[in-house]
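The structure appears below as structure tokens.
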Amino acid sequence: MNRLLSANFMRVKKNKCFWICSALMFVMGIYFAAGSYADMKKMGWNYTLDGNCFVYILFAPVLLAVFGSLFLGTEYSDGTIRNKVMVGHRRLHIYLSNLLTMLAAGIAFCALYLLPYLAVGIPLLGSFEADIRKILLIMAVTLVLICAYGAIYTMIAMLSSNKAGVTAGCILAAFVLLFSGVYISSRLEEPEFYTDYNYTVGGKIEDTGVKIKNPRYVDGKKREVYQFVYDFLPGGQEVQCVRKTLAHPFALPVYSGAILVLTTAGGIWLFRRKDIK
């Protein structure tokens with residue numbers, strides 16, 4: 001498998017999409033740090049280093065989907081996988097080498113945001129306001145999370161022979177998971193009650209003091225299910241990491257690890273049985 005990994009990393013080094021995505025993450029790291037400082041000076045807002053530290057987890061999965069679909073999507077169309085099998089490489093090793101390449105690329109995208117963000121942000125915005133242990137914990141959660149995304153994209157790419165289908169599937173998965181997390185977050189944040197108001201003739205708004213039950217409020221067992229899905233889904237974890245509001249911080253890496261293991265095991269099982277033409 002070492003030869004397969006070495007060949008993959010050589011392809012990555014020559015891959016224009018990888019370098020474009022890397023450059024985007026690097027520039028965003030500088031932009032969010034310098035932009036926060038500029039807004040703080042111009043608007044007088046109180047920005048801290050914590051503020052935009054974790055927004056990379058919104059962008060990295062999308063860029064990894066683009067890179068992964070183009071990088072792995074050509075495996076079938078170019079006959080690369082067929083050639084690997086014909087020269088004696090095991091399907092397990094082919095799958096795992098592609099998975100490890102995706103994980104390395106995902107972690108690289110995250111690091112390429114964090115390094116310039118901290119290099120520019122610390123001199124301009126100062127140190128972290130939150131406890132450093134919380135910051136490191138969220139960073140760890142995001143790294144396991146990007147690996148879960150990498151496993152999902154690898155499974156899609158290794159099971160589909162259609163390059164366009166792989167591209168559409170990976171990018172669609174990235175956005176569907178994110179929007180699902182945003183939607184569940186909005187439902188969980190619905191208040192249980194809202195206040196009734198009266199509008200007087202003069203246009204004045206008066207609080208009647210009457211609390212009205214919010215029909216969209218999620219409670220009971222349903223709320224527990226929503227919270228579990230919010231924690232388990234990669235998109236829900238993205239939202240929590242960006243907001244730095246992790247309800248169950250030690251459970252999130254476990255859920256991401258479970259996604260990684262399950263998608264990898266399922267992907268390998270199906271790939272072994274796939275007819276490679």
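Residues in the structure tokens are named by chain (A, B, ... in the order shown) and by number from 1 within that chain; ligands are numbered from 1 in the order shown.
For segment 122-130 of chain A, the list of residues within 6 Å, based on only C-alpha atoms and with local chain neighbours fewer than 2 positions off taken out, reads Thr48, Leu49, Asp50, Leu118 and Val120 of chain A.
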Could those residues be written to a file, using C-alpha atoms, as an mmCIF file, in the first residue's frame?
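Contents of part06.cif, freshly written:
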data_model
loop_
_atom_site.group_PDB
_atom_site.id
_atom_site.type_symbol
_atom_site.label_atom_id
_atom_site.label_comp_id
_atom_site.auth_asym_id
_atom_site.auth_seq_id
_atom_site.Cartn_x
_atom_site.Cartn_y
_atom_site.Cartn_z
ATOM 1 C CA THR A 48 -11.449 38.541 19.716
ATOM 2 C CA LEU A 49 -9.242 35.836 18.256
ATOM 3 C CA ASP A 50 -11.950 33.289 19.113
ATOM 4 C CA LEU A 118 -3.202 32.623 14.115
ATOM 5 C CA VAL A 120 -1.954 37.330 11.662
#
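Each of A:Gly267, A:Gly220, A:Gly181, A:Gly68 was compared to Leu96 of chain A using only C-alpha atoms, and A:Gly267 turns out to be the nearest.
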- Distance query Val141 of chain A at most 9 Å, only C-alpha atoms, self and fewer than 3 positions along chain excluded, as a PyMOL selection string: chain A and resi 136-138+144-146+237+241+249-250+252-253+256
Since we have the selection now, will you write its residues out, keeping N, CA and C atoms, as a compact mmCIF listing (two decimals), in the first residue's frame?
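Contents of again.txt, as written:
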# COMPACT_ATOMS: atom_id res chain seq x y z
N LEU A 136 -8.65 23.97 22.08
CA LEU A 136 -8.00 22.76 21.57
C LEU A 136 -9.00 21.62 21.38
N LEU A 137 -9.99 21.55 22.26
CA LEU A 137 -11.02 20.52 22.13
C LEU A 137 -11.82 20.72 20.85
N ILE A 138 -12.21 21.97 20.57
CA ILE A 138 -12.98 22.24 19.36
C ILE A 138 -12.13 21.95 18.12
N VAL A 144 -11.42 15.57 13.48
CA VAL A 144 -12.09 14.28 13.32
C VAL A 144 -13.28 14.43 12.37
N LEU A 145 -13.95 15.57 12.44
CA LEU A 145 -15.10 15.84 11.58
C LEU A 145 -14.70 15.89 10.11
N ILE A 146 -13.60 16.55 9.79
CA ILE A 146 -13.18 16.63 8.39
C ILE A 146 -12.77 15.24 7.88
N GLN A 237 -22.52 19.31 13.65
CA GLN A 237 -21.24 19.54 14.33
C GLN A 237 -20.55 20.79 13.78
N CYS A 241 -19.39 23.90 16.11
CA CYS A 241 -17.97 24.29 16.19
C CYS A 241 -17.79 25.76 15.84
N PRO A 249 -19.41 17.91 23.94
CA PRO A 249 -18.15 17.99 23.19
C PRO A 249 -17.39 16.68 23.05
N PHE A 250 -17.46 15.82 24.07
CA PHE A 250 -16.69 14.58 23.99
C PHE A 250 -17.40 13.50 23.18
N LEU A 252 -19.00 14.24 20.26
CA LEU A 252 -18.93 14.58 18.83
C LEU A 252 -17.83 13.83 18.08
N PRO A 253 -16.60 13.75 18.63
CA PRO A 253 -15.56 12.98 17.92
C PRO A 253 -15.92 11.50 17.81
N SER A 256 -18.29 11.27 14.88
CA SER A 256 -17.55 11.41 13.62
C SER A 256 -16.72 10.16 13.34
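Every protein or nucleic acid residue with an atom no more than 7 Å from Ile268 of chain A, counting only C-alpha atoms and leaving out same-chain residues fewer than 3 positions away, appears here: Leu92, Tyr95, Thr264, Ala265, Phe271 and Arg272 of chain A.
Of the residues in segment 76-200 of chain A, those that DSSP places in strand (DSSP E) on the basis of the backbone are Phe193, Tyr194, Thr195, Asp196, Tyr197, Asn198 and Tyr199 of chain A.
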- Show which residues sit within 12 Å of Arg187 of chain A, as a PyMOL selection string. Count only C-alpha atoms, and ignore same-chain residues fewer than 6 positions away. chain A and resi 180-181+214-219+222-223+225-227+230+236
- Residue set, segment 65-256 of chain A restricted to alpha helix (DSSP H), as a ChimeraX atom specification: /A:65-77,80-86,91-125,132-159,163-188,220-232,234-243,252-256
- Query: Using only C-alpha atoms, which residue out of A:Val27, A:Asp131, A:Tyr153, A:Tyr194 lies closest to Leu172 of chain A?
  - Reply: A:Tyr153
- Closest of A:Gly121, A:Gly79, A:Gly106, A:Pro234 to Ala174 of chain A, counting only C-alpha atoms, is A:Pro234
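Distance annotation: of A:Ile276, A:Leu99, A:Ile152, A:Ile107, the residue with the minimal separation from Ala258 of chain A is A:Ile152; atom set is only C-alpha atoms.
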Each segment 89-125 of chain A residue no farther than 12 Å from segment 11-23 of chain A, nearest pair in Å, only C-alpha atoms, as JSON lines:
{"residue": "A:Asn98", "atom": "CA", "partner": "A:Val12", "partner_atom": "CA", "distance": 11.1}
{"residue": "A:Thr101", "atom": "CA", "partner": "A:Val12", "partner_atom": "CA", "distance": 8.4}
{"residue": "A:Met102", "atom": "CA", "partner": "A:Val12", "partner_atom": "CA", "distance": 10.0}
{"residue": "A:Ala104", "atom": "CA", "partner": "A:Val12", "partner_atom": "CA", "distance": 10.4}
{"residue": "A:Ala105", "atom": "CA", "partner": "A:Phe18", "partner_atom": "CA", "distance": 8.0}
{"residue": "A:Gly106", "atom": "CA", "partner": "A:Ser22", "partner_atom": "CA", "distance": 9.9}
{"residue": "A:Ile107", "atom": "CA", "partner": "A:Ser22", "partner_atom": "CA", "distance": 10.8}
{"residue": "A:Ala108", "atom": "CA", "partner": "A:Ser22", "partner_atom": "CA", "distance": 7.8}
{"residue": "A:Phe109", "atom": "CA", "partner": "A:Ser22", "partner_atom": "CA", "distance": 5.8}
{"residue": "A:Cys110", "atom": "CA", "partner": "A:Ser22", "partner_atom": "CA", "distance": 9.1}
{"residue": "A:Ala111", "atom": "CA", "partner": "A:Ser22", "partner_atom": "CA", "distance": 9.5}
{"residue": "A:Leu112", "atom": "CA", "partner": "A:Ser22", "partner_atom": "CA", "distance": 6.6}
{"residue": "A:Tyr113", "atom": "CA", "partner": "A:Ser22", "partner_atom": "CA", "distance": 8.5}
{"residue": "A:Leu114", "atom": "CA", "partner": "A:Ser22", "partner_atom": "CA", "distance": 11.8}
{"residue": "A:Pro116", "atom": "CA", "partner": "A:Ala23", "partner_atom": "CA", "distance": 11.2}
- Query: Using only C-alpha atoms, which of A:Lys274, A:Trp269, A:Leu58, A:Tyr149 sits nearest Arg82 of chain A?
  - Reply: A:Lys274
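Closest approach to Ile30 of chain A among A:Cys170, A:Leu115, A:Val182, A:Leu5: A:Leu115, based on only C-alpha atoms.
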